[in-house]
$ cat input-v3.tsv   # TSV, C-alpha atoms and all ligand atoms
chain	number	residue	atom	x	y	z
A	1	MET	CA	-138.64	-31.50	5.67
A	2	THR	CA	-136.44	-34.56	5.52
A	3	ALA	CA	-134.79	-35.39	2.21
A	4	THR	CA	-135.25	-38.67	0.39
A	5	ILE	CA	-131.88	-40.40	0.53
A	6	ILE	CA	-130.84	-41.52	-2.96
A	7	ASP	CA	-129.39	-45.02	-2.68
A	8	GLY	CA	-126.55	-45.02	-5.22
A	9	LYS	CA	-125.38	-48.40	-4.03
A	10	ALA	CA	-128.72	-50.03	-4.89
A	11	VAL	CA	-129.00	-48.26	-8.27
A	12	ALA	CA	-125.41	-49.27	-9.12
A	13	ALA	CA	-126.08	-52.89	-8.13
A	14	ARG	CA	-129.02	-52.97	-10.54
A	15	LEU	CA	-126.87	-51.54	-13.36
A	16	ARG	CA	-124.08	-54.02	-12.64
A	17	ALA	CA	-126.56	-56.90	-12.82
A	18	GLU	CA	-127.74	-55.60	-16.22
A	19	VAL	CA	-124.14	-55.42	-17.47
A	20	ALA	CA	-123.46	-58.96	-16.18
A	21	GLU	CA	-126.50	-60.20	-18.11
A	22	GLU	CA	-125.35	-58.51	-21.34
A	23	VAL	CA	-121.83	-59.88	-20.92
A	24	LYS	CA	-123.22	-63.38	-20.50
A	25	LYS	CA	-125.20	-62.96	-23.71
A	26	MET	CA	-122.16	-61.68	-25.60
A	27	VAL	CA	-120.10	-64.67	-24.48
A	28	ALA	CA	-122.87	-67.12	-25.39
A	29	GLU	CA	-123.67	-65.59	-28.78
A	30	HIS	CA	-120.25	-64.43	-29.98
A	31	GLY	CA	-117.71	-66.25	-27.83
A	32	VAL	CA	-116.01	-63.02	-26.79
A	33	ARG	CA	-115.78	-61.27	-23.45
A	34	PRO	CA	-115.24	-57.52	-22.94
A	35	GLY	CA	-111.79	-56.52	-21.67
A	36	LEU	CA	-110.62	-53.45	-19.76
A	37	ALA	CA	-106.98	-52.39	-19.36
A	38	ALA	CA	-106.25	-50.27	-16.28
A	39	VAL	CA	-103.03	-48.25	-16.36
A	40	LEU	CA	-101.62	-46.98	-13.08
A	41	VAL	CA	-98.54	-44.79	-12.95
A	42	GLY	CA	-96.85	-44.22	-9.58
A	43	GLU	CA	-97.82	-44.85	-6.01
A	44	ASN	CA	-100.85	-42.64	-5.26
A	45	PRO	CA	-102.63	-44.80	-2.63
A	46	ALA	CA	-106.13	-43.55	-3.50
A	47	SER	CA	-105.52	-44.35	-7.19
A	48	HIS	CA	-104.40	-47.87	-6.27
A	49	THR	CA	-107.58	-48.33	-4.22
A	50	TYR	CA	-109.80	-47.05	-7.04
A	51	VAL	CA	-108.17	-49.29	-9.66
A	52	ARG	CA	-108.45	-52.30	-7.37
A	53	MET	CA	-112.17	-51.58	-6.90
A	54	LYS	CA	-112.71	-51.11	-10.65
A	55	ARG	CA	-110.94	-54.37	-11.49
A	56	LYS	CA	-112.90	-56.27	-8.83
A	57	ALA	CA	-116.15	-54.89	-10.26
A	58	CYS	CA	-115.08	-56.06	-13.75
A	59	ASP	CA	-114.44	-59.50	-12.38
A	60	GLU	CA	-117.90	-59.63	-10.78
A	61	VAL	CA	-119.72	-58.91	-14.05
A	62	GLY	CA	-117.52	-61.15	-16.22
A	63	ILE	CA	-115.41	-58.43	-17.85
A	64	ASP	CA	-111.73	-59.38	-18.19
A	65	SER	CA	-109.40	-56.80	-16.68
A	66	TYR	CA	-105.70	-56.33	-17.29
A	67	GLY	CA	-103.62	-54.28	-14.87
A	68	TYR	CA	-100.54	-52.34	-15.95
A	69	GLU	CA	-98.41	-50.61	-13.32
A	70	LEU	CA	-95.61	-48.22	-14.25
A	71	PRO	CA	-93.19	-46.62	-11.78
A	72	GLU	CA	-93.57	-43.02	-10.56
A	73	ASN	CA	-90.64	-41.97	-12.77
A	74	ALA	CA	-91.99	-43.58	-15.98
A	75	SER	CA	-91.27	-41.47	-19.05
A	76	GLN	CA	-93.85	-39.90	-21.34
A	77	GLU	CA	-92.71	-42.23	-24.11
A	78	GLU	CA	-93.09	-45.34	-21.92
A	79	VAL	CA	-96.67	-44.47	-21.01
A	80	GLU	CA	-97.62	-43.55	-24.59
A	81	GLU	CA	-95.95	-46.74	-25.86
A	82	LEU	CA	-98.06	-48.80	-23.46
A	83	VAL	CA	-101.23	-47.00	-24.62
A	84	ARG	CA	-100.34	-47.72	-28.26
A	85	LYS	CA	-99.76	-51.39	-27.42
A	86	LEU	CA	-103.19	-51.55	-25.75
A	87	ASN	CA	-104.80	-49.77	-28.72
A	88	ALA	CA	-103.54	-52.61	-30.91
A	89	ASP	CA	-104.60	-55.42	-28.56
A	90	PRO	CA	-107.94	-56.93	-29.67
A	91	LYS	CA	-108.58	-58.37	-26.17
A	92	VAL	CA	-108.64	-54.81	-24.80
A	93	ASN	CA	-111.89	-52.96	-25.50
A	94	GLY	CA	-111.43	-50.17	-22.97
A	95	ILE	CA	-108.35	-48.32	-21.75
A	96	LEU	CA	-108.43	-46.51	-18.45
A	97	VAL	CA	-105.45	-44.38	-17.44
A	98	GLN	CA	-106.03	-43.59	-13.78
A	99	LEU	CA	-105.70	-39.89	-12.95
A	100	PRO	CA	-103.98	-37.91	-11.58
A	101	LEU	CA	-100.72	-38.79	-13.34
A	102	PRO	CA	-97.35	-37.80	-11.84
A	103	SER	CA	-96.79	-34.11	-12.59
A	104	HIS	CA	-93.86	-34.59	-15.02
A	105	LEU	CA	-96.17	-36.38	-17.48
A	106	ASN	CA	-98.24	-34.66	-20.18
A	107	GLU	CA	-101.74	-35.90	-19.33
A	108	GLU	CA	-103.38	-34.40	-22.40
A	109	ALA	CA	-100.98	-36.16	-24.79
A	110	ILE	CA	-101.46	-39.50	-23.02
A	111	LEU	CA	-105.25	-39.26	-23.11
A	112	ALA	CA	-105.11	-38.19	-26.76
A	113	ALA	CA	-103.08	-41.32	-27.57
A	114	ILE	CA	-105.98	-43.58	-26.56
A	115	ASP	CA	-108.00	-44.94	-29.51
A	116	ILE	CA	-111.30	-43.05	-29.16
A	117	GLU	CA	-113.23	-46.28	-29.58
A	118	LYS	CA	-111.46	-47.56	-26.45
A	119	ASP	CA	-111.81	-44.32	-24.49
A	120	VAL	CA	-114.14	-45.70	-21.82
A	121	ASP	CA	-113.27	-42.83	-19.46
A	122	GLY	CA	-114.44	-40.31	-22.07
A	123	PHE	CA	-111.42	-38.04	-21.47
A	124	HIS	CA	-110.05	-38.12	-25.02
A	125	PRO	CA	-110.06	-34.54	-26.38
A	126	ILE	CA	-112.43	-35.56	-29.20
A	127	ASN	CA	-114.94	-37.09	-26.79
A	128	ILE	CA	-114.77	-34.09	-24.44
A	129	GLY	CA	-114.89	-31.69	-27.41
A	130	ARG	CA	-118.02	-33.36	-28.75
A	131	LEU	CA	-119.61	-33.14	-25.31
A	132	ALA	CA	-118.97	-29.39	-25.36
A	133	MET	CA	-120.67	-28.89	-28.73
A	134	LYS	CA	-124.30	-28.81	-29.74
A	135	GLY	CA	-125.49	-31.63	-31.97
A	136	ARG	CA	-122.36	-33.77	-31.50
A	137	GLU	CA	-122.35	-37.12	-29.78
A	138	PRO	CA	-119.36	-38.25	-27.75
A	139	LEU	CA	-118.73	-42.00	-28.06
A	140	PHE	CA	-118.23	-42.16	-24.30
A	141	VAL	CA	-119.19	-39.84	-21.45
A	142	PRO	CA	-117.01	-39.73	-18.31
A	143	ALA	CA	-118.23	-42.17	-15.66
A	144	THR	CA	-118.78	-39.94	-12.64
A	145	PRO	CA	-120.75	-37.22	-14.48
A	146	LYS	CA	-122.79	-39.93	-16.21
A	147	GLY	CA	-123.52	-41.42	-12.77
A	148	VAL	CA	-124.53	-38.02	-11.41
A	149	ILE	CA	-127.08	-37.53	-14.20
A	150	TYR	CA	-128.40	-41.06	-13.74
A	151	LEU	CA	-129.00	-40.44	-10.02
A	152	LEU	CA	-130.72	-37.12	-10.77
A	153	GLU	CA	-133.02	-38.97	-13.19
A	154	GLU	CA	-133.70	-41.61	-10.52
A	155	ALA	CA	-134.61	-38.83	-8.08
A	156	GLY	CA	-137.13	-37.46	-10.59
A	157	ALA	CA	-135.26	-34.26	-11.49
A	158	GLN	CA	-137.11	-31.95	-13.90
A	159	PHE	CA	-134.08	-30.80	-15.88
A	160	GLU	CA	-135.83	-28.64	-18.45
A	161	GLY	CA	-135.39	-24.99	-17.45
A	162	ALA	CA	-134.23	-25.88	-13.94
A	163	ASN	CA	-131.51	-23.90	-12.22
A	164	ALA	CA	-128.62	-26.31	-11.92
A	165	VAL	CA	-125.53	-25.27	-9.98
A	166	VAL	CA	-122.29	-27.24	-10.15
A	167	LEU	CA	-119.74	-26.58	-7.44
A	168	GLY	CA	-116.31	-27.23	-8.92
A	169	ARG	CA	-114.86	-27.06	-12.43
A	170	SER	CA	-112.56	-30.09	-12.61
A	171	ASN	CA	-111.94	-31.87	-15.91
A	172	ILE	CA	-113.08	-35.17	-14.39
A	173	VAL	CA	-116.33	-34.12	-12.72
A	174	GLY	CA	-117.39	-30.47	-12.56
A	175	MET	CA	-116.95	-29.38	-16.16
A	176	PRO	CA	-118.37	-32.50	-17.90
A	177	THR	CA	-121.30	-32.58	-15.42
A	178	ALA	CA	-122.10	-28.96	-16.26
A	179	LEU	CA	-122.01	-29.81	-19.98
A	180	LEU	CA	-124.35	-32.77	-19.51
A	181	LEU	CA	-126.79	-30.54	-17.61
A	182	VAL	CA	-126.73	-28.05	-20.49
A	183	HIS	CA	-127.61	-30.96	-22.83
A	184	LYS	CA	-130.56	-31.62	-20.50
A	185	ASN	CA	-131.77	-28.03	-21.05
A	186	SER	CA	-131.05	-26.87	-17.51
A	187	THR	CA	-129.79	-23.34	-16.83
A	188	VAL	CA	-126.32	-24.07	-15.53
A	189	THR	CA	-124.07	-22.06	-13.24
A	190	ILE	CA	-120.58	-23.25	-12.38
A	191	VAL	CA	-119.35	-22.08	-8.99
A	192	HIS	CA	-115.63	-22.10	-8.20
A	193	SER	CA	-113.05	-20.67	-5.83
A	194	ARG	CA	-113.29	-17.16	-7.32
A	195	THR	CA	-117.08	-17.00	-7.23
A	196	ARG	CA	-118.43	-14.11	-5.11
A	197	ASP	CA	-120.95	-15.06	-2.43
A	198	ILE	CA	-121.27	-18.77	-3.21
A	199	PRO	CA	-124.27	-19.45	-0.89
A	200	SER	CA	-126.37	-16.82	-2.70
A	201	VAL	CA	-125.81	-18.79	-5.94
A	202	THR	CA	-126.38	-22.27	-4.51
A	203	ARG	CA	-129.61	-21.13	-2.80
A	204	GLU	CA	-131.13	-20.62	-6.26
A	205	ALA	CA	-130.38	-24.19	-7.34
A	206	ASP	CA	-133.14	-26.69	-8.05
A	207	ILE	CA	-130.33	-29.15	-8.79
A	208	LEU	CA	-127.07	-28.83	-6.86
A	209	VAL	CA	-123.99	-30.94	-7.61
A	210	ALA	CA	-121.06	-30.57	-5.21
A	211	ALA	CA	-117.66	-31.64	-6.54
A	212	VAL	CA	-115.01	-29.50	-4.89
A	213	GLY	CA	-113.27	-31.80	-2.42
A	214	ARG	CA	-113.99	-29.74	0.71
A	215	PRO	CA	-115.48	-31.68	3.63
A	216	LYS	CA	-119.00	-30.57	4.60
A	217	MET	CA	-118.69	-27.28	2.75
A	218	VAL	CA	-122.36	-27.09	1.69
A	219	LYS	CA	-124.43	-26.07	4.72
A	220	GLY	CA	-128.17	-26.31	5.23
A	221	ASP	CA	-128.73	-22.61	4.59
A	222	TRP	CA	-126.94	-22.89	1.20
A	223	VAL	CA	-129.71	-25.10	-0.14
A	224	LYS	CA	-133.11	-24.23	-1.57
A	225	PRO	CA	-135.89	-26.17	0.18
A	226	GLY	CA	-136.79	-29.21	-1.91
A	227	ALA	CA	-133.65	-29.10	-4.11
A	228	ILE	CA	-132.02	-32.30	-5.32
A	229	VAL	CA	-128.45	-32.41	-4.02
A	230	ILE	CA	-125.79	-34.74	-5.41
A	231	ASP	CA	-122.62	-35.01	-3.34
A	232	VAL	CA	-119.57	-36.12	-5.35
A	233	GLY	CA	-117.03	-35.32	-2.62
A	234	VAL	CA	-115.00	-38.08	-1.03
A	235	ASN	CA	-112.92	-36.52	1.75
A	236	ARG	CA	-110.94	-38.30	4.43
A	237	VAL	CA	-111.34	-36.71	7.85
A	238	ASP	CA	-109.51	-37.86	10.99
A	239	ASP	CA	-111.62	-40.00	13.27
A	240	PRO	CA	-109.79	-41.74	16.12
A	241	THR	CA	-112.88	-43.88	16.79
A	242	ALA	CA	-112.78	-45.37	13.27
A	243	LYS	CA	-110.81	-48.55	12.61
A	244	LYS	CA	-108.67	-46.88	9.94
A	245	GLY	CA	-108.29	-43.64	11.93
A	246	TYR	CA	-110.34	-41.71	9.39
A	247	ARG	CA	-113.78	-41.68	7.86
A	248	LEU	CA	-115.15	-40.48	4.55
A	249	VAL	CA	-117.36	-37.41	4.33
A	250	GLY	CA	-118.75	-35.59	1.33
A	251	ASP	CA	-118.67	-31.94	0.27
A	252	VAL	CA	-122.15	-31.59	1.75
A	253	ASP	CA	-122.96	-31.30	5.44
A	254	PHE	CA	-125.30	-34.28	5.29
A	255	ASP	CA	-127.02	-33.80	8.67
A	256	GLU	CA	-127.86	-30.16	7.95
A	257	VAL	CA	-128.77	-30.51	4.28
A	258	LYS	CA	-131.04	-33.54	4.75
A	259	GLU	CA	-133.39	-31.27	6.70
A	260	VAL	CA	-133.74	-28.87	3.75
A	261	ALA	CA	-133.22	-30.75	0.47
A	262	GLY	CA	-135.89	-32.78	-1.30
A	263	ALA	CA	-133.41	-35.54	-2.13
A	264	LEU	CA	-129.77	-36.10	-1.28
A	265	THR	CA	-127.02	-38.66	-1.96
A	266	PRO	CA	-125.03	-40.05	0.96
A	267	VAL	CA	-121.23	-40.46	1.16
A	268	PRO	CA	-120.30	-43.24	0.96
A	269	GLY	CA	-123.00	-45.10	-0.99
A	270	GLY	CA	-124.09	-42.33	-3.36
A	271	VAL	CA	-122.08	-41.33	-6.42
A	272	GLY	CA	-119.05	-43.57	-5.74
A	273	PRO	CA	-120.68	-46.90	-6.71
A	274	MET	CA	-122.24	-45.21	-9.77
A	275	THR	CA	-118.82	-44.24	-11.15
A	276	ILE	CA	-117.81	-47.89	-11.24
A	277	ALA	CA	-121.15	-49.04	-12.68
A	278	MET	CA	-120.88	-46.47	-15.49
A	279	LEU	CA	-117.32	-47.54	-16.30
A	280	LEU	CA	-118.60	-51.11	-16.67
A	281	LYS	CA	-121.41	-49.91	-18.94
A	282	ASN	CA	-118.92	-47.95	-21.06
A	283	THR	CA	-116.63	-50.97	-21.32
A	284	LEU	CA	-119.52	-53.18	-22.42
A	285	ARG	CA	-120.39	-50.58	-25.05
A	286	ALA	CA	-116.80	-50.47	-26.28
A	287	ALA	CA	-116.92	-54.26	-26.69
A	288	GLN	CA	-120.20	-53.97	-28.59
A	289	ILE	CA	-118.66	-51.35	-30.92
A	290	ALA	CA	-115.66	-53.63	-31.55
A	291	LEU	CA	-117.95	-56.58	-32.24
A	292	ALA	CA	-120.05	-54.61	-34.71
A	293	LYS	CA	-116.89	-53.78	-36.69
A	294	LYS	CA	-115.82	-57.40	-37.06
B	301	LIG	N1	-109.47	-40.18	-11.13
B	301	LIG	C1	-110.59	-39.80	-10.44
B	301	LIG	N2	-111.70	-40.20	-11.09
B	301	LIG	C2	-111.28	-40.84	-12.20
B	301	LIG	C3	-111.97	-41.49	-13.26
B	301	LIG	O1	-113.20	-41.54	-13.34
B	301	LIG	N3	-111.18	-42.05	-14.20
B	301	LIG	C4	-109.83	-41.99	-14.16
B	301	LIG	N4	-109.15	-42.54	-15.13
B	301	LIG	N5	-109.17	-41.40	-13.21
B	301	LIG	C5	-109.90	-40.83	-12.22

$ encode --input "input-v3.tsv" --output "structure tokens" --more "lines below"
Ligand code: GUN
Amino acid sequence: MTATIIDGKAVAARLRAEVAEEVKKMVAEHGVRPGLAAVLVGENPASHTYVRMKRKACDEVGIDSYGYELPENASQEEVEELVRKLNADPKVNGILVQLPLPSHLNEEAILAAIDIEKDVDGFHPINIGRLAMKGREPLFVPATPKGVIYLLEEAGAQFEGANAVVLGRSNIVGMPTALLLVHKNSTVTIVHSRTRDIPSVTREADILVAAVGRPKMVKGDWVKPGAIVIDVGVNRVDDPTAKKGYRLVGDVDFDEVKEVAGALTPVPGGVGPMTIAMLLKNTLRAAQIALAKK
């Protein structure tokens, strides 16, 4: 069996075009344009790359973006003060504080300082808390987990009653993805570093989401034949033949798993573009919420 390859890049392009269309309408009808503020603290090179990509994507769909860079040694008060300033700025509909933050900063307090109506990353404790509770609706759902669910829907996943296994329990991906799968009525297992006999758990999965940050960890014999596999991993591995000296691989051993799975996302070109598309959708929604309150 050879898996259907889920083209995240194509799905994301379609979503971006839809956002661009909605932005155009908003500008024409109301004379306002959505705005996203991106806050970067410190020098983490991957974070700088991600923020650059997010801002470029904003530009391409007509969303204004405002970049704020603070030094590695910025104080808690400085970061929170910036967040409060952005909360009060009517041009800013969404506030994104790129994670991880330098370790001396209190991430929870900074995320809690964001106005929940501008919390386009969905990491505010109230938004995450609502996601964890039955019958509550978060205003925003984190972008990568939202992209994962979207791709599963595209691949025709039957969520109801399915065994869904999430590898990894991070705040940004694993945990919110597991919560979204519970909302979809799947039977969810979270696998992590202390799990005994991981392959015996993953082999039961109809839906398998890998988000652990370990290159090619998921092997062909970890996967149930026909399963839908979503690979969130983005790992740099040395490759002297590549221009940059490295290449990107996922948490899934693509060549092995494509022979077993029913559908599989590639890295790159799977979940990555969806994260950005979902951030744009969340920012548009934040602008719509602000407009409705005027
Ligand atoms: N770091 C890794 N992924 C994300 C994300 O989706 N949002 C933010 N703010 N930081 C991240």

$ residues_near_ligand --input "input-v3.tsv" --ligand "ligand LIG 301 (chain B)" --cutoff "7 Å" --atoms "only C-alpha atoms and all ligand atoms" --output "list in words"
Ser47, Leu96, Val97, Gln98, Leu99, Pro100, Asp121, Pro142, Ala143, Thr144, Ile172 and Thr275 of chain A

$ closest_residue --input "input-v3.tsv" --among "A:Phe254, A:Ile6, A:Lys56, A:Ala205" --to "Leu152 of chain A" --atoms "all atoms listed in the file"
A:Ile6

$ closest_residue --input "input-v3.tsv" --among "A:Val166, A:Val141, A:Ala157, A:Thr195" --to "Ile126 of chain A" --atoms "all atoms listed in the file"
A:Val141

$ residues_around --input "input-v3.tsv" --residues "segment 14-24 of chain A" --least-positions-apart "3" --cutoff "12 Å" --atoms "only C-alpha atoms" --output "number ranges by chain"
A: 7-11, 27-35, 54, 57-64, 147, 150-151, 273-288

$ atom_distance --input "input-v3.tsv" --atom1 "atom CA of Gly94 of chain A" --atom2 "atom CA of Phe123 of chain A"
12.2 Å

$ residues_around --input "input-v3.tsv" --residues "His183 of chain A" --least-positions-apart "2" --cutoff "10 Å" --atoms "all atoms listed in the file" --output "list in words"
Leu131, Ala132, Met133, Lys134, Gly135, Phe159, Glu160, Thr177, Ala178, Leu179, Leu180, Leu181, Asn185, Ser186 and Thr187 of chain A

$ closest_residue --input "input-v3.tsv" --among "A:Ala292, A:Gly220, A:Gly272, A:Thr189" --to "Met53 of chain A" --atoms "only C-alpha atoms"
A:Gly272

$ residues_around --input "input-v3.tsv" --residues "Val234 of chain A" --least-positions-apart "6" --cutoff "9 Å" --atoms "all atoms listed in the file" --output "list in words"
Ala211, Gly213, Arg214, Pro215, Leu248, Val249, Gly250, Asp251, Val267, Pro268 and Gly272 of chain A

$ residues_near_point --input "input-v3.tsv" --point "(-136.1, -36.5, -7.7)" --cutoff "12 Å" --atoms "all atoms listed in the file" --output "list in words"
Ala3, Thr4, Ile5, Ile6, Asp7, Ile149, Tyr150, Leu151, Leu152, Glu153, Glu154, Ala155, Gly156, Ala157, Gln158, Phe159, Asp206, Ile207, Leu208, Gly226, Ala227, Ile228, Val229, Ile230, Ala261, Gly262, Ala263, Leu264 and Thr265 of chain A

$ write_last_selection --input "input-v3.tsv" --atoms "C-alpha atoms" --output "mmCIF file, in the coordinates of the input"
data_model
loop_
_atom_site.group_PDB
_atom_site.id
_atom_site.type_symbol
_atom_site.label_atom_id
_atom_site.label_comp_id
_atom_site.auth_asym_id
_atom_site.auth_seq_id
_atom_site.Cartn_x
_atom_site.Cartn_y
_atom_site.Cartn_z
ATOM 1 C CA ALA A 3 -134.790 -35.390 2.210
ATOM 2 C CA THR A 4 -135.250 -38.670 0.390
ATOM 3 C CA ILE A 5 -131.880 -40.400 0.530
ATOM 4 C CA ILE A 6 -130.840 -41.520 -2.960
ATOM 5 C CA ASP A 7 -129.390 -45.020 -2.680
ATOM 6 C CA ILE A 149 -127.080 -37.530 -14.200
ATOM 7 C CA TYR A 150 -128.400 -41.060 -13.740
ATOM 8 C CA LEU A 151 -129.000 -40.440 -10.020
ATOM 9 C CA LEU A 152 -130.720 -37.120 -10.770
ATOM 10 C CA GLU A 153 -133.020 -38.970 -13.190
ATOM 11 C CA GLU A 154 -133.700 -41.610 -10.520
ATOM 12 C CA ALA A 155 -134.610 -38.830 -8.080
ATOM 13 C CA GLY A 156 -137.130 -37.460 -10.590
ATOM 14 C CA ALA A 157 -135.260 -34.260 -11.490
ATOM 15 C CA GLN A 158 -137.110 -31.950 -13.900
ATOM 16 C CA PHE A 159 -134.080 -30.800 -15.880
ATOM 17 C CA ASP A 206 -133.140 -26.690 -8.050
ATOM 18 C CA ILE A 207 -130.330 -29.150 -8.790
ATOM 19 C CA LEU A 208 -127.070 -28.830 -6.860
ATOM 20 C CA GLY A 226 -136.790 -29.210 -1.910
ATOM 21 C CA ALA A 227 -133.650 -29.100 -4.110
ATOM 22 C CA ILE A 228 -132.020 -32.300 -5.320
ATOM 23 C CA VAL A 229 -128.450 -32.410 -4.020
ATOM 24 C CA ILE A 230 -125.790 -34.740 -5.410
ATOM 25 C CA ALA A 261 -133.220 -30.750 0.470
ATOM 26 C CA GLY A 262 -135.890 -32.780 -1.300
ATOM 27 C CA ALA A 263 -133.410 -35.540 -2.130
ATOM 28 C CA LEU A 264 -129.770 -36.100 -1.280
ATOM 29 C CA THR A 265 -127.020 -38.660 -1.960
#

$ closest_residue --input "input-v3.tsv" --among "A:Glu81, A:Ile289, A:Pro145, A:Gly270" --to "Asp119 of chain A" --atoms "only C-alpha atoms"
A:Ile289

$ residues_around --input "input-v3.tsv" --residues "Ala74 of chain A" --least-positions-apart "2" --cutoff "9 Å" --atoms "all atoms listed in the file" --output "MDAnalysis selection string"
chainID A and resid 41:42 70:72 76:79 102 105

$ write_last_selection --input "input-v3.tsv" --atoms "C-alpha atoms" --output "short mmCIF file (atom, residue, chain, number, x, y, z; two decimals), in the coordinates of the input"
data_model
loop_
_atom_site.label_atom_id
_atom_site.label_comp_id
_atom_site.auth_asym_id
_atom_site.auth_seq_id
_atom_site.Cartn_x
_atom_site.Cartn_y
_atom_site.Cartn_z
CA VAL A 41 -98.54 -44.79 -12.95
CA GLY A 42 -96.85 -44.22 -9.58
CA LEU A 70 -95.61 -48.22 -14.25
CA PRO A 71 -93.19 -46.62 -11.78
CA GLU A 72 -93.57 -43.02 -10.56
CA GLN A 76 -93.85 -39.90 -21.34
CA GLU A 77 -92.71 -42.23 -24.11
CA GLU A 78 -93.09 -45.34 -21.92
CA VAL A 79 -96.67 -44.47 -21.01
CA PRO A 102 -97.35 -37.80 -11.84
CA LEU A 105 -96.17 -36.38 -17.48
#

$ atom_distance --input "input-v3.tsv" --atom1 "atom CA of Val271 of chain A" --atom2 "atom CA of Ala46 of chain A"
16.4 Å

$ closest_residue --input "input-v3.tsv" --among "A:Met217, A:Val212, A:Val39, A:Val201" --to "Arg169 of chain A" --atoms "all atoms listed in the file"
A:Val212
